[in-house]
file my_file33.csv (CSV, C-alpha atoms)
chain,number,residue,atom,x,y,z
A,28,MET,CA,14.5,20.6,-5.2
A,29,ALA,CA,18.0,20.6,-3.7
A,30,GLU,CA,17.8,16.8,-3.6
A,31,GLU,CA,17.3,16.6,-7.4
A,32,VAL,CA,20.3,18.8,-8.0
A,33,GLU,CA,22.4,16.6,-5.8
A,34,LYS,CA,21.8,13.8,-8.3
A,35,ILE,CA,23.4,15.9,-11.1
A,36,GLU,CA,27.0,15.8,-10.0
A,37,GLY,CA,29.5,18.1,-11.6
A,38,ILE,CA,27.2,20.6,-13.2
A,39,TYR,CA,28.8,23.5,-11.3
A,40,ASP,CA,31.5,24.3,-8.8
A,41,LYS,CA,29.5,24.1,-5.5
A,42,SER,CA,32.3,25.9,-3.6
A,43,LYS,CA,31.3,29.1,-5.4
A,44,LEU,CA,27.8,29.1,-3.9
A,45,GLY,CA,27.3,32.2,-1.8
A,46,GLN,CA,30.8,33.5,-2.4
A,47,PRO,CA,31.6,36.9,-4.1
A,48,ILE,CA,32.3,36.4,-7.8
A,49,GLU,CA,33.2,39.9,-8.9
A,50,GLU,CA,32.9,43.6,-8.0
A,51,ILE,CA,32.7,46.6,-10.2
A,52,GLN,CA,32.2,50.4,-9.6
A,53,ILE,CA,29.6,52.3,-11.5
A,54,THR,CA,28.3,55.9,-11.5
A,55,VAL,CA,24.6,56.4,-11.9
A,56,THR,CA,24.0,59.2,-14.3
A,57,GLU,CA,21.1,61.5,-14.7
A,58,ASP,CA,20.9,60.5,-18.4
A,59,ALA,CA,20.6,56.8,-17.5
A,60,MET,CA,17.8,57.6,-15.0
A,61,LEU,CA,15.9,59.7,-17.5
A,62,ARG,CA,16.3,57.2,-20.3
A,63,TYR,CA,15.0,54.4,-18.1
A,64,ALA,CA,12.0,56.4,-17.0
A,65,ASN,CA,11.2,57.4,-20.5
A,66,ALA,CA,11.6,53.8,-21.8
A,67,ILE,CA,9.0,52.4,-19.4
A,68,GLY,CA,6.5,55.2,-20.0
A,69,GLU,CA,7.0,56.7,-16.5
A,70,GLN,CA,5.4,60.2,-16.1
A,71,ASP,CA,5.9,61.0,-12.4
A,72,PRO,CA,8.1,64.1,-12.3
A,73,LYS,CA,10.2,62.7,-9.4
A,74,TYR,CA,11.5,60.1,-11.9
A,75,THR,CA,11.3,62.2,-15.1
A,76,LYS,CA,12.3,65.8,-14.3
A,77,ALA,CA,16.0,66.5,-14.5
A,78,GLY,CA,17.4,68.3,-11.5
A,79,PRO,CA,18.4,67.9,-7.8
A,80,ASP,CA,15.1,66.3,-6.8
A,81,LEU,CA,15.3,63.5,-9.4
A,82,ILE,CA,15.4,60.0,-8.0
A,83,ALA,CA,15.9,56.7,-9.9
A,84,HIS,CA,12.8,54.6,-10.6
A,85,PRO,CA,12.6,51.6,-8.3
A,86,GLY,CA,13.1,49.2,-11.3
A,87,ILE,CA,16.3,50.7,-12.5
A,88,LEU,CA,18.5,48.3,-10.5
A,89,THR,CA,17.6,45.6,-13.0
A,90,VAL,CA,19.3,47.4,-15.9
A,91,LEU,CA,22.3,49.1,-14.3
A,92,GLN,CA,25.7,47.8,-15.3
A,93,THR,CA,26.5,44.7,-13.3
A,94,PRO,CA,29.5,42.3,-13.1
A,95,THR,CA,29.7,40.1,-16.1
A,96,GLY,CA,31.2,37.2,-14.2
A,97,ARG,CA,28.8,34.3,-13.6
A,98,VAL,CA,29.2,30.8,-12.2
A,99,GLU,CA,28.6,28.4,-15.1
A,100,VAL,CA,26.0,25.8,-14.4
A,101,LYS,CA,25.6,23.0,-17.1
A,102,PHE,CA,22.2,21.3,-16.7
A,103,PRO,CA,22.5,18.2,-18.9
A,104,PHE,CA,19.0,18.7,-20.4
A,105,ALA,CA,19.4,22.4,-21.2
A,106,LYS,CA,18.9,23.6,-24.8
A,107,THR,CA,17.4,27.0,-24.3
A,108,GLY,CA,17.1,29.5,-21.5
A,109,ALA,CA,15.3,32.6,-20.4
A,110,HIS,CA,15.0,35.1,-17.5
A,111,GLY,CA,12.7,33.5,-15.0
A,112,GLY,CA,12.1,36.4,-12.7
A,113,SER,CA,13.7,39.0,-10.4
A,114,SER,CA,13.5,40.1,-6.9
A,115,ILE,CA,14.3,43.8,-6.2
A,116,PHE,CA,15.1,45.3,-2.8
A,117,ASN,CA,15.2,49.1,-2.6
A,118,TYR,CA,16.7,50.3,0.7
A,119,ALA,CA,17.5,53.9,-0.2
A,120,ASP,CA,16.9,56.4,-3.0
A,121,ILE,CA,19.4,56.5,-5.8
A,122,LYS,CA,20.3,59.9,-7.1
A,123,ALA,CA,22.3,61.1,-10.1
A,124,GLY,CA,26.0,61.0,-9.5
A,125,ASP,CA,25.8,58.2,-6.9
A,126,LYS,CA,28.9,56.0,-7.1
A,127,LEU,CA,28.0,52.4,-6.4
A,128,THR,CA,30.0,49.3,-5.9
A,129,VAL,CA,28.2,46.3,-7.4
A,130,ARG,CA,29.0,42.9,-6.0
A,131,SER,CA,27.7,39.7,-7.5
A,132,LYS,CA,27.4,36.1,-6.1
A,133,LEU,CA,25.7,32.9,-7.0
A,134,THR,CA,22.9,32.3,-4.4
A,135,ASP,CA,20.9,29.3,-5.6
A,136,VAL,CA,20.9,26.4,-8.0
A,137,TYR,CA,17.9,24.0,-8.2
A,138,THR,CA,15.7,22.1,-10.6
A,139,LYS,CA,11.9,21.6,-11.0
A,140,THR,CA,9.9,19.4,-13.2
A,141,GLY,CA,7.2,21.2,-15.2
A,142,ARG,CA,4.7,20.1,-17.9
A,143,SER,CA,7.4,20.4,-20.6
A,144,GLY,CA,10.0,18.5,-18.6
A,145,PRO,CA,12.9,19.5,-16.3
A,146,MET,CA,13.8,23.1,-15.6
A,147,GLY,CA,17.0,24.3,-14.1
A,148,PHE,CA,17.2,27.5,-12.1
A,149,VAL,CA,20.3,29.6,-11.4
A,150,VAL,CA,20.0,32.6,-9.2
A,151,HIS,CA,22.7,35.3,-9.1
A,152,GLU,CA,22.4,38.3,-6.8
A,153,ASN,CA,23.9,41.8,-7.2
A,154,GLU,CA,24.3,44.1,-4.3
A,155,PHE,CA,24.5,47.9,-4.9
A,156,ILE,CA,26.6,49.7,-2.2
A,157,ARG,CA,27.1,53.5,-2.1
A,158,GLU,CA,30.4,55.1,-1.2
A,159,ASP,CA,29.3,55.8,2.4
A,160,GLY,CA,28.7,52.0,2.8
A,161,THR,CA,24.9,52.2,2.5
A,162,MET,CA,23.5,49.3,0.6
A,163,VAL,CA,20.9,51.1,-1.6
A,164,GLY,CA,19.5,47.9,-3.1
A,165,LYS,CA,19.8,44.4,-4.2
A,166,VAL,CA,18.6,42.3,-7.2
A,167,ALA,CA,18.3,38.6,-7.5
A,168,ASP,CA,17.9,37.4,-11.1
A,169,SER,CA,16.7,33.8,-11.8
A,170,MET,CA,17.7,32.3,-15.1
A,171,VAL,CA,15.8,29.2,-16.3
A,172,SER,CA,17.2,26.5,-18.5
A,173,ARG,CA,14.9,24.1,-20.4
A,174,PRO,CA,15.2,21.2,-22.9
B,23,MET,CA,3.3,62.7,2.8
B,24,ALA,CA,1.3,64.2,0.0
B,25,ASN,CA,-2.4,64.7,0.6
B,26,SER,CA,-3.6,63.4,-2.8
B,27,VAL,CA,-4.0,59.9,-1.7
B,28,ASP,CA,-6.0,58.8,1.4
B,29,TYR,CA,-3.8,56.0,2.6
B,30,ASP,CA,-6.0,55.3,5.6
B,31,ALA,CA,-8.7,54.3,3.1
B,32,ILE,CA,-6.6,51.8,1.1
B,33,ASP,CA,-7.1,48.5,2.8
B,34,ILE,CA,-6.8,44.7,2.3
B,35,GLY,CA,-8.6,43.7,-0.9
B,36,ASP,CA,-8.3,47.0,-2.6
B,37,GLU,CA,-7.0,47.0,-6.2
B,38,ALA,CA,-4.9,49.4,-8.1
B,39,PRO,CA,-6.5,51.1,-11.1
B,40,GLY,CA,-3.9,49.4,-13.2
B,41,ILE,CA,-1.9,50.5,-16.3
B,42,GLU,CA,-2.6,49.3,-19.8
B,43,VAL,CA,0.4,48.8,-22.1
B,44,ASN,CA,0.9,47.5,-25.6
B,45,PHE,CA,4.6,47.6,-26.4
B,46,ASN,CA,5.8,47.8,-30.0
B,47,LEU,CA,9.3,47.1,-31.4
B,48,ASP,CA,10.5,50.7,-31.2
B,49,GLN,CA,9.5,50.9,-27.5
B,50,VAL,CA,11.3,47.7,-26.8
B,51,LYS,CA,14.4,49.0,-28.6
B,52,GLY,CA,14.2,52.1,-26.5
B,53,PHE,CA,14.2,50.0,-23.3
B,54,LEU,CA,17.1,47.9,-24.6
B,55,GLY,CA,19.0,51.1,-25.1
B,56,ALA,CA,18.2,52.2,-21.5
B,57,TRP,CA,19.4,48.7,-20.4
B,58,ASN,CA,23.0,49.8,-20.0
B,59,GLY,CA,23.1,50.8,-23.7
B,60,ARG,CA,22.3,47.2,-24.8
B,61,VAL,CA,21.7,47.0,-28.5
B,62,ASP,CA,20.3,43.6,-29.6
B,63,SER,CA,20.9,42.3,-33.0
B,64,ALA,CA,18.1,42.2,-35.5
B,65,ASN,CA,17.5,38.5,-34.8
B,66,SER,CA,17.1,38.6,-31.1
B,67,ARG,CA,14.0,37.2,-29.4
B,68,PHE,CA,13.2,40.8,-28.5
B,69,THR,CA,13.5,42.2,-32.0
B,70,ASN,CA,12.5,39.3,-34.3
B,71,ARG,CA,9.3,37.2,-34.3
B,72,GLU,CA,10.9,34.2,-36.1
B,73,GLN,CA,13.8,34.2,-33.7
B,74,ALA,CA,11.4,34.3,-30.7
B,75,GLU,CA,9.5,31.3,-32.2
B,76,LYS,CA,12.7,29.4,-32.8
B,77,GLU,CA,13.7,29.8,-29.2
B,78,GLY,CA,10.3,28.4,-28.1
B,79,PHE,CA,8.5,31.6,-27.3
B,80,GLY,CA,6.0,31.5,-30.2
B,81,GLY,CA,3.5,34.1,-31.2
B,82,ASN,CA,5.4,37.3,-31.6
B,83,ALA,CA,8.7,38.9,-30.5
B,84,ILE,CA,8.7,39.2,-26.8
B,85,ILE,CA,9.5,42.1,-24.4
B,86,PRO,CA,12.3,41.7,-21.8
B,87,GLY,CA,11.0,40.4,-18.5
B,88,ARG,CA,12.6,43.5,-16.9
B,89,LEU,CA,10.3,45.8,-18.9
B,90,GLY,CA,7.2,44.0,-17.7
B,91,LEU,CA,8.5,44.2,-14.1
B,92,ALA,CA,9.1,47.9,-14.6
B,93,VAL,CA,5.5,48.4,-15.7
B,94,ILE,CA,4.3,46.6,-12.6
B,95,ALA,CA,6.5,48.9,-10.5
B,96,ARG,CA,4.9,51.9,-12.3
B,97,ALA,CA,1.4,50.6,-11.5
B,98,VAL,CA,2.2,50.2,-7.9
B,99,GLN,CA,4.0,53.6,-7.7
B,100,GLU,CA,1.2,55.5,-9.4
B,101,TRP,CA,-1.3,54.0,-7.0
B,102,LEU,CA,0.8,54.6,-3.9
B,103,PRO,CA,2.9,57.6,-5.0
B,104,ASP,CA,4.4,58.4,-1.6
B,105,GLY,CA,5.4,54.9,-0.9
B,106,ARG,CA,8.8,53.2,-1.3
B,107,ILE,CA,8.7,49.8,-3.0
B,108,GLU,CA,11.0,48.1,-0.6
B,109,LYS,CA,10.6,44.7,-2.2
B,110,LEU,CA,9.3,43.6,-5.6
B,111,ASP,CA,9.5,39.9,-6.3
B,112,VAL,CA,8.2,38.9,-9.8
B,113,VAL,CA,8.2,35.5,-11.5
B,114,PHE,CA,8.1,35.4,-15.3
B,115,ARG,CA,5.8,32.5,-15.9
B,116,ALA,CA,5.2,32.9,-19.7
B,117,PRO,CA,6.4,35.1,-22.5
B,118,THR,CA,5.1,38.7,-22.7
B,119,PHE,CA,4.5,39.4,-26.4
B,120,GLN,CA,4.9,42.7,-28.2
B,121,GLU,CA,1.9,44.2,-30.0
B,122,THR,CA,-0.4,42.6,-27.4
B,123,LYS,CA,-2.4,44.5,-24.8
B,124,HIS,CA,-1.4,43.8,-21.2
B,125,THR,CA,-2.5,45.3,-17.9
B,126,ALA,CA,-0.3,45.7,-14.9
B,127,SER,CA,-2.1,45.9,-11.6
B,128,ALA,CA,-1.9,45.1,-7.9
B,129,MET,CA,-4.1,44.2,-4.8
B,130,VAL,CA,-3.4,44.8,-1.2
B,131,THR,CA,-3.2,41.5,0.7
B,132,ASP,CA,-2.0,42.8,4.1
B,133,LYS,CA,-1.7,46.2,5.8
B,134,THR,CA,0.1,47.0,9.1
B,135,GLU,CA,0.6,50.4,10.6
B,136,ASP,CA,2.5,52.1,13.5
B,137,ASP,CA,3.2,55.7,14.5
B,138,SER,CA,5.7,56.3,11.7
B,139,GLU,CA,4.6,54.3,8.7
B,140,ILE,CA,2.0,52.2,6.9
B,141,ARG,CA,3.2,48.9,5.4
B,142,TYR,CA,1.3,47.3,2.5
B,143,GLU,CA,1.8,43.8,1.3
B,144,ILE,CA,0.6,43.6,-2.3
B,145,ASP,CA,0.0,40.9,-5.0
B,146,VAL,CA,1.2,42.2,-8.4
B,147,TYR,CA,0.7,40.9,-11.9
B,148,LEU,CA,0.9,41.6,-15.6
B,149,GLU,CA,-2.2,40.2,-17.4
B,150,ARG,CA,-2.6,39.5,-21.1
B,151,GLU,CA,-5.9,40.7,-22.5
B,152,GLY,CA,-8.1,38.0,-23.9
B,153,GLU,CA,-10.3,35.1,-23.0
B,154,ASP,CA,-7.6,33.2,-21.1
B,155,ALA,CA,-6.6,36.3,-19.1
B,156,LEU,CA,-3.1,34.8,-18.8
B,157,ARG,CA,-0.8,36.4,-16.3
B,158,PRO,CA,2.7,36.1,-17.7
B,159,GLN,CA,4.2,37.9,-14.7
B,160,ARG,CA,3.0,37.5,-11.1
B,161,GLY,CA,4.5,38.3,-7.8
B,162,ALA,CA,4.4,40.3,-4.6
B,163,ALA,CA,5.6,43.6,-3.3
B,164,ILE,CA,6.1,45.4,0.0
B,165,VAL,CA,5.4,49.2,-0.1
B,166,VAL,CA,6.1,51.5,2.9
B,167,VAL,CA,4.5,54.9,3.2
B,168,LYS,CA,6.1,57.1,5.8
B,169,LYS,CA,3.7,59.3,7.9

call {"tool": "encode", "arguments": {"input": "my_file33.csv", "output": "structure tokens"}}
result
Amino acid sequence: MAEEVEKIEGIYDKSKLGQPIEEIQITVTEDAMLRYANAIGEQDPKYTKAGPDLIAHPGILTVLQTPTGRVEVKFPFAKTGAHGGSSIFNYADIKAGDKLTVRSKLTDVYTKTGRSGPMGFVVHENEFIREDGTMVGKVADSMVSRP
Amino acid sequence: MANSVDYDAIDIGDEAPGIEVNFNLDQVKGFLGAWNGRVDSANSRFTNREQAEKEGFGGNAIIPGRLGLAVIARAVQEWLPDGRIEKLDVVFRAPTFQETKHTASAMVTDKTEDDSEIRYEIDVYLEREGEDALRPQRGAAIVVVKK
């Protein structure tokens, strides 16, 4: 995979690979936690009942505010794109009022050839770090570009 | 640990009961609202069938991949309610359409145990109802239940 990308020179700034792109601070609100749980049809009170015992649903990291900065990757064949998948890592419970630093970086760029032709993959990772330094979670989002 | 689930009895090869979902446009809009207040225009792939088709998704307006992933997380969490989903890695292999019945489920592929915790490795998927039984989302999870 990496070999194929090497053939496509100049599609992105390789010096940015693995480097921090941007960092923002967010506060996780009870309202955001409840809205997410409701929107996905969750019924478990630990995710749906407001109060001190409320914890965020494990999928919530995929929808929290994240840095908007992205490394642009221009696959020459790309005409359309879509979200290709996510990896979520939950290391600690998230509670209402948690102040998190969100750090983003580009972690992978590669191509594959499928039935419909070439596909280009760009993976950005967001780390979520609480004020006490605990990394509460991480999400890697893969975006796919196609002809 | 709650006593409602006999974790000792859940072993390799066991399958989750699964969750059936059939998302409509209002539910997708609700999820988009929970996605950091995101409001898609009337002609997004998530809100308009013609736009989804134009972008190569065909069939019907689609649901965000993150919503399918959340339903998978729900299926796992409802099955193993005392467990923490430490990792959830899901690939979006095909569009997940609105107004279409899907089932999210999971199966244990490995189980290890020590004095303090039980660790399950699980295959997860979102399956479209029908003769083809297509699985537009597939992946794996690690769930840890503290003793």

call {"tool": "closest_atom_pairs", "arguments": {"input": "my_file33.csv", "of": "chain B", "to": "chain A", "cutoff": "7 Å", "atoms": "all atoms listed in the file", "output": "JSON lines"}}
result
{"residue": "B:Gln49", "atom": "CA", "partner": "A:Ala66", "partner_atom": "CA", "distance": 6.7}
{"residue": "B:Gly52", "atom": "CA", "partner": "A:Ala66", "partner_atom": "CA", "distance": 5.6}
{"residue": "B:Phe53", "atom": "CA", "partner": "A:Ala66", "partner_atom": "CA", "distance": 4.8}
{"residue": "B:Ala56", "atom": "CA", "partner": "A:Tyr63", "partner_atom": "CA", "distance": 5.2}
{"residue": "B:Trp57", "atom": "CA", "partner": "A:Val90", "partner_atom": "CA", "distance": 4.7}
{"residue": "B:Asn58", "atom": "CA", "partner": "A:Gln92", "partner_atom": "CA", "distance": 5.8}
{"residue": "B:Glu77", "atom": "CA", "partner": "A:Thr107", "partner_atom": "CA", "distance": 6.7}
{"residue": "B:Gly87", "atom": "CA", "partner": "A:His110", "partner_atom": "CA", "distance": 6.7}
{"residue": "B:Arg88", "atom": "CA", "partner": "A:Thr89", "partner_atom": "CA", "distance": 6.7}
{"residue": "B:Leu89", "atom": "CA", "partner": "A:Ile67", "partner_atom": "CA", "distance": 6.7}
{"residue": "B:Ala92", "atom": "CA", "partner": "A:Gly86", "partner_atom": "CA", "distance": 5.3}
{"residue": "B:Val93", "atom": "CA", "partner": "A:Ile67", "partner_atom": "CA", "distance": 6.5}
{"residue": "B:Ala95", "atom": "CA", "partner": "A:Gly86", "partner_atom": "CA", "distance": 6.7}
{"residue": "B:Arg96", "atom": "CA", "partner": "A:Glu69", "partner_atom": "CA", "distance": 6.7}
{"residue": "B:Ile107", "atom": "CA", "partner": "A:Asn117", "partner_atom": "CA", "distance": 6.5}
{"residue": "B:Glu108", "atom": "CA", "partner": "A:Asn117", "partner_atom": "CA", "distance": 4.8}
{"residue": "B:Lys109", "atom": "CA", "partner": "A:Phe116", "partner_atom": "CA", "distance": 4.6}
{"residue": "B:Leu110", "atom": "CA", "partner": "A:Ile115", "partner_atom": "CA", "distance": 5.0}
{"residue": "B:Asp111", "atom": "CA", "partner": "A:Ser114", "partner_atom": "CA", "distance": 4.0}
{"residue": "B:Val112", "atom": "CA", "partner": "A:Gly112", "partner_atom": "CA", "distance": 5.5}
{"residue": "B:Val113", "atom": "CA", "partner": "A:Gly112", "partner_atom": "CA", "distance": 4.2}
{"residue": "B:Phe114", "atom": "CA", "partner": "A:Gly112", "partner_atom": "CA", "distance": 4.9}

call {"tool": "closest_residue", "arguments": {"input": "my_file33.csv", "among": "A:Pro47, A:Gly144, A:Pro79, A:Gly160", "to": "Lys132 in chain A", "atoms": "only C-alpha atoms"}}
result
A:Pro47

call {"tool": "closest_residue", "arguments": {"input": "my_file33.csv", "among": "B:Pro39, B:Tyr29, B:Phe68, B:Arg150", "to": "Val166 in chain B", "atoms": "only C-alpha atoms"}}
result
B:Tyr29

call {"tool": "residues_around", "arguments": {"input": "my_file33.csv", "residues": "Pro117 in chain B", "least_positions_apart": "4", "cutoff": "10 Å", "atoms": "all atoms listed in the file", "output": "list in words"}}
result
Ala109, His110 and Gly111 of chain A; Ala74, Gly78, Phe79, Gly80, Gly81, Asn82, Ala83, Ile84, Ile85, Pro86, Gly87, Arg157, Pro158 and Gln159 of chain B

call {"tool": "residues_around", "arguments": {"input": "my_file33.csv", "residues": "Thr95 in chain A", "least_positions_apart": "4", "cutoff": "10 Å", "atoms": "only C-alpha atoms", "output": "list in words"}}
result
Ile48, Glu49, Glu50, Ile51 and Ser131 of chain A

call {"tool": "atom_distance", "arguments": {"input": "my_file33.csv", "atom1": "CA of Glu149 in chain B", "atom2": "CA of Ala97 in chain B"}}
result
12.5 Å

call {"tool": "atom_distance", "arguments": {"input": "my_file33.csv", "atom1": "CA of Ser26 in chain B", "atom2": "CA of Arg141 in chain B"}}
result
18.0 Å

call {"tool": "atom_distance", "arguments": {"input": "my_file33.csv", "atom1": "CA of Gly96 in chain A", "atom2": "CA of Ala116 in chain B"}}
result
26.9 Å

call {"tool": "residues_around", "arguments": {"input": "my_file33.csv", "residues": "range 127-133 of chain B", "least_positions_apart": "2", "cutoff": "10 Å", "atoms": "all atoms listed in the file", "output": "number ranges by chain"}}
result
B: 32-42, 93-98, 101, 124-125, 135, 140-149, 160-166

call {"tool": "closest_residue", "arguments": {"input": "my_file33.csv", "among": "A:Val150, A:Ile156, A:Val100, A:Met170", "to": "Val129 in chain A", "atoms": "only C-alpha atoms"}}
result
A:Ile156
